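Engineer: For reference, this is input.cif, and it has mmCIF, C-alpha atoms.
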data_structure
#
loop_
_atom_site.group_PDB
_atom_site.id
_atom_site.type_symbol
_atom_site.label_atom_id
_atom_site.label_comp_id
_atom_site.auth_asym_id
_atom_site.auth_seq_id
_atom_site.Cartn_x
_atom_site.Cartn_y
_atom_site.Cartn_z
ATOM 1 C CA THR K 1489 -28.038 72.825 -17.885
ATOM 2 C CA GLY K 1490 -24.509 72.532 -19.223
ATOM 3 C CA ARG K 1491 -22.866 72.510 -22.602
ATOM 4 C CA PRO K 1492 -22.651 69.339 -24.589
ATOM 5 C CA ARG K 1493 -19.135 67.895 -24.512
ATOM 6 C CA GLY K 1494 -17.666 65.512 -27.016
ATOM 7 C CA GLY K 1495 -20.982 65.095 -28.822
ATOM 8 C CA HIS K 1496 -22.987 64.361 -25.659
ATOM 9 C CA ALA K 1497 -26.443 65.877 -25.424
ATOM 10 C CA ALA K 1498 -26.810 68.723 -22.933
ATOM 11 C CA PRO K 1499 -28.852 67.863 -19.832
ATOM 12 C CA VAL K 1500 -32.371 69.265 -19.756
ATOM 13 C CA GLU K 1501 -34.272 70.525 -16.715
ATOM 14 C CA GLN K 1502 -38.013 70.182 -16.264
ATOM 15 C CA LEU K 1503 -40.074 71.666 -13.419
ATOM 16 C CA VAL K 1504 -42.326 69.356 -11.407
ATOM 17 C CA GLN K 1505 -44.678 70.611 -8.694
ATOM 18 C CA ILE K 1506 -45.572 68.507 -5.660
ATOM 19 C CA THR K 1507 -47.557 69.114 -2.494
ATOM 20 C CA LEU K 1508 -45.997 69.249 0.969
ATOM 21 C CA SER K 1509 -47.722 65.949 1.729
ATOM 22 C CA GLU K 1510 -46.062 64.388 -1.327
ATOM 23 C CA ALA K 1511 -42.704 65.837 -0.217
ATOM 24 C CA TYR K 1512 -43.294 64.315 3.225
ATOM 25 C CA HIS K 1513 -44.205 60.823 2.018
ATOM 26 C CA GLY K 1514 -42.403 60.723 -1.326
ATOM 27 C CA THR K 1515 -44.338 60.417 -4.577
ATOM 28 C CA GLU K 1516 -44.214 59.339 -8.204
ATOM 29 C CA ARG K 1517 -44.900 61.236 -11.379
ATOM 30 C CA THR K 1518 -45.472 60.114 -14.942
ATOM 31 C CA ILE K 1519 -43.435 62.347 -17.239
ATOM 32 C CA LEU K 1520 -43.720 62.544 -21.019
ATOM 33 C CA ILE K 1521 -40.230 62.800 -22.546
ATOM 34 C CA ASN K 1522 -39.556 62.304 -26.256
ATOM 35 C CA GLU K 1523 -43.039 60.824 -26.657
ATOM 36 C CA ARG K 1524 -42.319 58.240 -23.956
ATOM 37 C CA ARG K 1525 -44.174 57.998 -20.665
ATOM 38 C CA LEU K 1526 -41.711 57.501 -17.834
ATOM 39 C CA GLU K 1527 -42.360 56.872 -14.154
ATOM 40 C CA VAL K 1528 -40.087 58.766 -11.791
ATOM 41 C CA LYS K 1529 -39.891 58.545 -8.009
ATOM 42 C CA ILE K 1530 -39.510 61.758 -6.029
ATOM 43 C CA PRO K 1531 -38.028 60.845 -2.651
ATOM 44 C CA ALA K 1532 -39.452 61.751 0.750
ATOM 45 C CA GLY K 1533 -37.835 64.920 2.049
ATOM 46 C CA ALA K 1534 -37.611 66.630 -1.353
ATOM 47 C CA ASP K 1535 -37.677 70.414 -1.138
ATOM 48 C CA THR K 1536 -38.001 73.243 -3.630
ATOM 49 C CA GLY K 1537 -34.863 73.106 -5.737
ATOM 50 C CA THR K 1538 -34.231 69.376 -5.254
ATOM 51 C CA LYS K 1539 -33.149 67.814 -8.547
ATOM 52 C CA VAL K 1540 -34.053 64.260 -9.518
ATOM 53 C CA ARG K 1541 -31.818 62.900 -12.258
ATOM 54 C CA MET K 1542 -33.237 60.712 -15.011
ATOM 55 C CA THR K 1543 -30.221 59.222 -16.776
ATOM 56 C CA GLY K 1544 -30.158 58.742 -20.554
ATOM 57 C CA VAL K 1545 -33.758 59.683 -21.334
ATOM 58 C CA GLY K 1546 -33.265 63.120 -22.954
ATOM 59 C CA GLN K 1547 -32.389 64.202 -26.463
ATOM 60 C CA LYS K 1548 -29.690 62.290 -28.327
ATOM 61 C CA GLY K 1549 -26.364 63.980 -28.841
ATOM 62 C CA ALA K 1550 -24.054 63.783 -31.850
ATOM 63 C CA ASP K 1551 -22.575 60.612 -30.349
ATOM 64 C CA GLY K 1552 -26.004 58.939 -30.449
ATOM 65 C CA ARG K 1553 -26.335 58.721 -26.650
ATOM 66 C CA ALA K 1554 -29.326 60.237 -24.921
ATOM 67 C CA GLY K 1555 -28.676 62.998 -22.408
ATOM 68 C CA ASP K 1556 -29.989 63.307 -18.877
ATOM 69 C CA VAL K 1557 -33.152 65.020 -17.715
ATOM 70 C CA TYR K 1558 -33.278 66.680 -14.311
ATOM 71 C CA LEU K 1559 -36.650 67.158 -12.685
ATOM 72 C CA VAL K 1560 -36.483 70.294 -10.565
ATOM 73 C CA VAL K 1561 -38.902 70.027 -7.651
ATOM 74 C CA GLU K 1562 -41.119 72.884 -6.535
ATOM 75 C CA VAL K 1563 -43.066 72.231 -3.324
ATOM 76 C CA ILE K 1564 -46.402 74.055 -3.351
ATOM 77 C CA PRO K 1565 -46.991 75.999 -0.097
ATOM 78 C CA ASP K 1566 -49.357 74.277 2.342
ATOM 79 C CA PRO K 1567 -51.751 76.507 4.323
ATOM 80 C CA ARG K 1568 -51.412 74.258 7.403
ATOM 81 C CA PHE K 1569 -47.609 74.136 7.666
ATOM 82 C CA GLU K 1570 -44.599 76.364 7.194
ATOM 83 C CA ARG K 1571 -41.416 74.501 6.348
ATOM 84 C CA LYS K 1572 -38.065 75.646 7.708
ATOM 85 C CA GLY K 1573 -35.446 73.121 6.634
ATOM 86 C CA HIS K 1574 -36.493 69.813 8.179
ATOM 87 C CA ASP K 1575 -38.798 71.431 10.740
ATOM 88 C CA LEU K 1576 -42.457 72.243 10.254
ATOM 89 C CA HIS K 1577 -44.407 74.979 12.023
ATOM 90 C CA THR K 1578 -48.161 75.055 12.524
ATOM 91 C CA GLU K 1579 -50.801 76.680 14.714
ATOM 92 C CA PHE K 1580 -53.669 75.193 16.666
ATOM 93 C CA GLU K 1581 -56.496 76.700 18.670
ATOM 94 C CA ILE K 1582 -57.591 76.205 22.243
ATOM 95 C CA ASP K 1583 -60.192 78.124 24.173
ATOM 96 C CA LEU K 1584 -59.512 80.385 27.142
ATOM 97 C CA TYR K 1585 -60.653 77.757 29.642
ATOM 98 C CA GLU K 1586 -58.193 75.141 28.286
ATOM 99 C CA ALA K 1587 -55.400 77.736 28.386
ATOM 100 C CA VAL K 1588 -56.131 78.592 32.013
ATOM 101 C CA LEU K 1589 -57.070 75.162 33.374
ATOM 102 C CA GLY K 1590 -55.195 72.816 31.021
ATOM 103 C CA GLY K 1591 -56.639 70.003 28.955
ATOM 104 C CA GLU K 1592 -56.116 68.315 25.628
ATOM 105 C CA ALA K 1593 -56.051 69.616 22.066
ATOM 106 C CA ARG K 1594 -55.800 68.026 18.644
ATOM 107 C CA VAL K 1595 -52.845 69.096 16.508
ATOM 108 C CA THR K 1596 -52.637 68.327 12.798
ATOM 109 C CA THR K 1597 -49.400 66.698 11.636
ATOM 110 C CA PRO K 1598 -48.505 65.366 8.167
ATOM 111 C CA GLU K 1599 -49.328 61.876 9.518
ATOM 112 C CA GLY K 1600 -52.746 62.946 10.855
ATOM 113 C CA GLN K 1601 -53.976 64.394 14.119
ATOM 114 C CA VAL K 1602 -52.325 63.810 17.481
ATOM 115 C CA VAL K 1603 -53.600 64.685 20.949
ATOM 116 C CA LEU K 1604 -51.427 67.146 22.845
ATOM 117 C CA THR K 1605 -51.674 67.651 26.607
ATOM 118 C CA ILE K 1606 -52.074 71.343 27.381
ATOM 119 C CA PRO K 1607 -50.669 72.381 30.767
ATOM 120 C CA ALA K 1608 -52.579 74.849 32.952
ATOM 121 C CA GLY K 1609 -51.441 78.426 32.366
ATOM 122 C CA THR K 1610 -50.567 77.960 28.679
ATOM 123 C CA GLN K 1611 -49.882 81.351 27.089
ATOM 124 C CA PRO K 1612 -51.011 82.608 23.657
ATOM 125 C CA GLY K 1613 -48.190 82.105 21.156
ATOM 126 C CA GLN K 1614 -46.516 79.406 23.259
ATOM 127 C CA SER K 1615 -44.984 76.651 21.118
ATOM 128 C CA PHE K 1616 -44.827 72.936 21.741
ATOM 129 C CA ARG K 1617 -42.143 70.819 20.065
ATOM 130 C CA LEU K 1618 -43.315 67.473 18.732
ATOM 131 C CA GLY K 1619 -40.012 65.679 18.169
ATOM 132 C CA GLY K 1620 -39.624 63.644 14.988
ATOM 133 C CA ARG K 1621 -42.903 64.887 13.464
ATOM 134 C CA GLY K 1622 -41.267 67.190 10.885
ATOM 135 C CA MET K 1623 -39.965 66.553 7.376
ATOM 136 C CA PRO K 1624 -37.854 63.505 6.576
ATOM 137 C CA HIS K 1625 -34.223 64.097 5.626
ATOM 138 C CA LEU K 1626 -33.759 63.599 1.892
ATOM 139 C CA ARG K 1627 -30.846 61.153 2.132
ATOM 140 C CA SER K 1628 -32.013 59.523 5.370
ATOM 141 C CA PRO K 1629 -35.855 59.474 5.367
ATOM 142 C CA GLN K 1630 -36.121 57.625 8.690
ATOM 143 C CA THR K 1631 -34.609 60.753 10.325
ATOM 144 C CA ARG K 1632 -37.129 63.542 10.674
ATOM 145 C CA GLY K 1633 -37.154 67.134 11.811
ATOM 146 C CA ASP K 1634 -39.526 68.436 14.465
ATOM 147 C CA LEU K 1635 -42.994 69.949 14.340
ATOM 148 C CA TYR K 1636 -43.506 73.154 16.315
ATOM 149 C CA ALA K 1637 -47.145 73.785 17.188
ATOM 150 C CA ARG K 1638 -47.990 77.333 18.288
ATOM 151 C CA VAL K 1639 -51.039 78.011 20.468
ATOM 152 C CA LYS K 1640 -53.766 80.419 19.419
ATOM 153 C CA VAL K 1641 -56.110 81.135 22.322
ATOM 154 C CA GLN K 1642 -59.715 81.883 21.404
ATOM 155 C CA ILE K 1643 -61.174 84.538 23.697
ATOM 156 C CA PRO K 1644 -64.953 84.274 24.147
ATOM 157 C CA ARG K 1645 -66.824 87.134 22.462
ATOM 158 C CA ASN K 1646 -70.359 86.709 23.725
ATOM 159 C CA LEU K 1647 -70.510 85.968 27.428
ATOM 160 C CA SER K 1648 -73.726 85.141 29.220
ATOM 161 C CA GLN K 1649 -74.564 87.351 32.206
ATOM 162 C CA GLU K 1650 -73.490 84.533 34.521
ATOM 163 C CA GLN K 1651 -70.137 84.104 32.737
ATOM 164 C CA ARG K 1652 -69.523 87.855 32.794
ATOM 165 C CA ALA K 1653 -70.289 87.977 36.519
ATOM 166 C CA LEU K 1654 -67.804 85.127 37.139
ATOM 167 C CA PHE K 1655 -65.082 86.944 35.172
ATOM 168 C CA GLU K 1656 -65.768 90.136 37.104
ATOM 169 C CA LYS K 1657 -65.508 88.193 40.351
ATOM 170 C CA LEU K 1658 -62.188 86.725 39.170
ATOM 171 C CA ALA K 1659 -60.946 90.205 38.228
ATOM 172 C CA HIS K 1660 -61.679 91.483 41.743
ATOM 173 C CA THR K 1661 -59.671 88.652 43.359
ATOM 174 C CA ARG K 1662 -56.410 89.733 41.683
#
As structure tokens - that is how I would like this structure written.

Structural biologist:
Amino acid sequence: TGRPRGGHAAPVEQLVQITLSEAYHGTERTILINERRLEVKIPAGADTGTKVRMTGVGQKGADGRAGDVYLVVEVIPDPRFERKGHDLHTEFEIDLYEAVLGGEARVTTPEGQVVLTIPAGTQPGQSFRLGGRGMPHLRSPQTRGDLYARVKVQIPRNLSQEQRALFEKLAHTR
């Protein structure tokens, strides 16, 4: 917020919270300002700290003209994704057999699930880059960051006697 100049009303800031999904797709909010309900579009790619200007809807200054209102965006953390600039980071699980032998796994993206081919010998903590599946750029929403999906390998806890015997046999062949 600044000082009023020449009788103009000082701009006002108002916090608005949105989800990561809303930041990804863009959203709208209905805001009550001076007893008026106003629709405002929050563009895709908005991040915490992004300001959306609403011109001439604030308090009137000494000159009779209404000042501006800035909506200050706060993106609520999402348990599925960590945002780093335009890139998103997530984790997905595969079992030991898929890690060793390869296979397919489902990875959640902001657009829904995608199937990822898992190569044989995939290591715990290994990341896969899914190009163009990250956050849209604020001023160029058709351009997107990347999604990095990190593997969590589930180790079996309760082996049958047969499974244990097979693992022991494998251990002896090293």

Engineer: Would you place a box with edges along x, y and z of the file around all atoms of range 1628-1631 of chain K listed there, add 3 Å to each of its six sides, and report the centre and edge lengths in Å to one decimal, as lines of an AutoDock Vina configuration file?

Structural biologist:
center_x = -34.1
center_y = 59.2
center_z = 7.8
size_x = 10.1
size_y = 9.1
size_z = 11.0

Engineer: For Val1545 in chain K, which residue among K:Pro1499, K:Pro1531, K:Pro1565, K:Gly1573 is the nearest when counting all atoms listed in the file?

Structural biologist: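 So, comparing all the options, the nearest one is K:Pro1499.
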
Engineer: May I ask for the distance between CA of Gly1552 in chain K and CA of Asn1522 in chain K, given in Å to one decimal place?

Structural biologist: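 Interatomic distance here is 14.6 Å.
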
Engineer: Pick out the closest residue to Ser1615 in chain K from this set: K:Ala1497, K:Val1639, K:Ala1659, K:Ala1593. Count only C-alpha atoms.

Structural biologist: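 Smallest separation from Ser1615 in chain K among the options: K:Val1639.
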
Engineer: To test your reading of the syntax: which residues would the PyMOL selection byres ((chain K and resi 1579-1582) around 6) return for the file shown? Reply as a list in words.

Structural biologist: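 Answer for the PyMOL selection byres ((chain K and resi 1579-1582) around 6): Thr1578, Asp1583, Ala1637, Arg1638, Val1639, Lys1640 and Val1641 of chain K.
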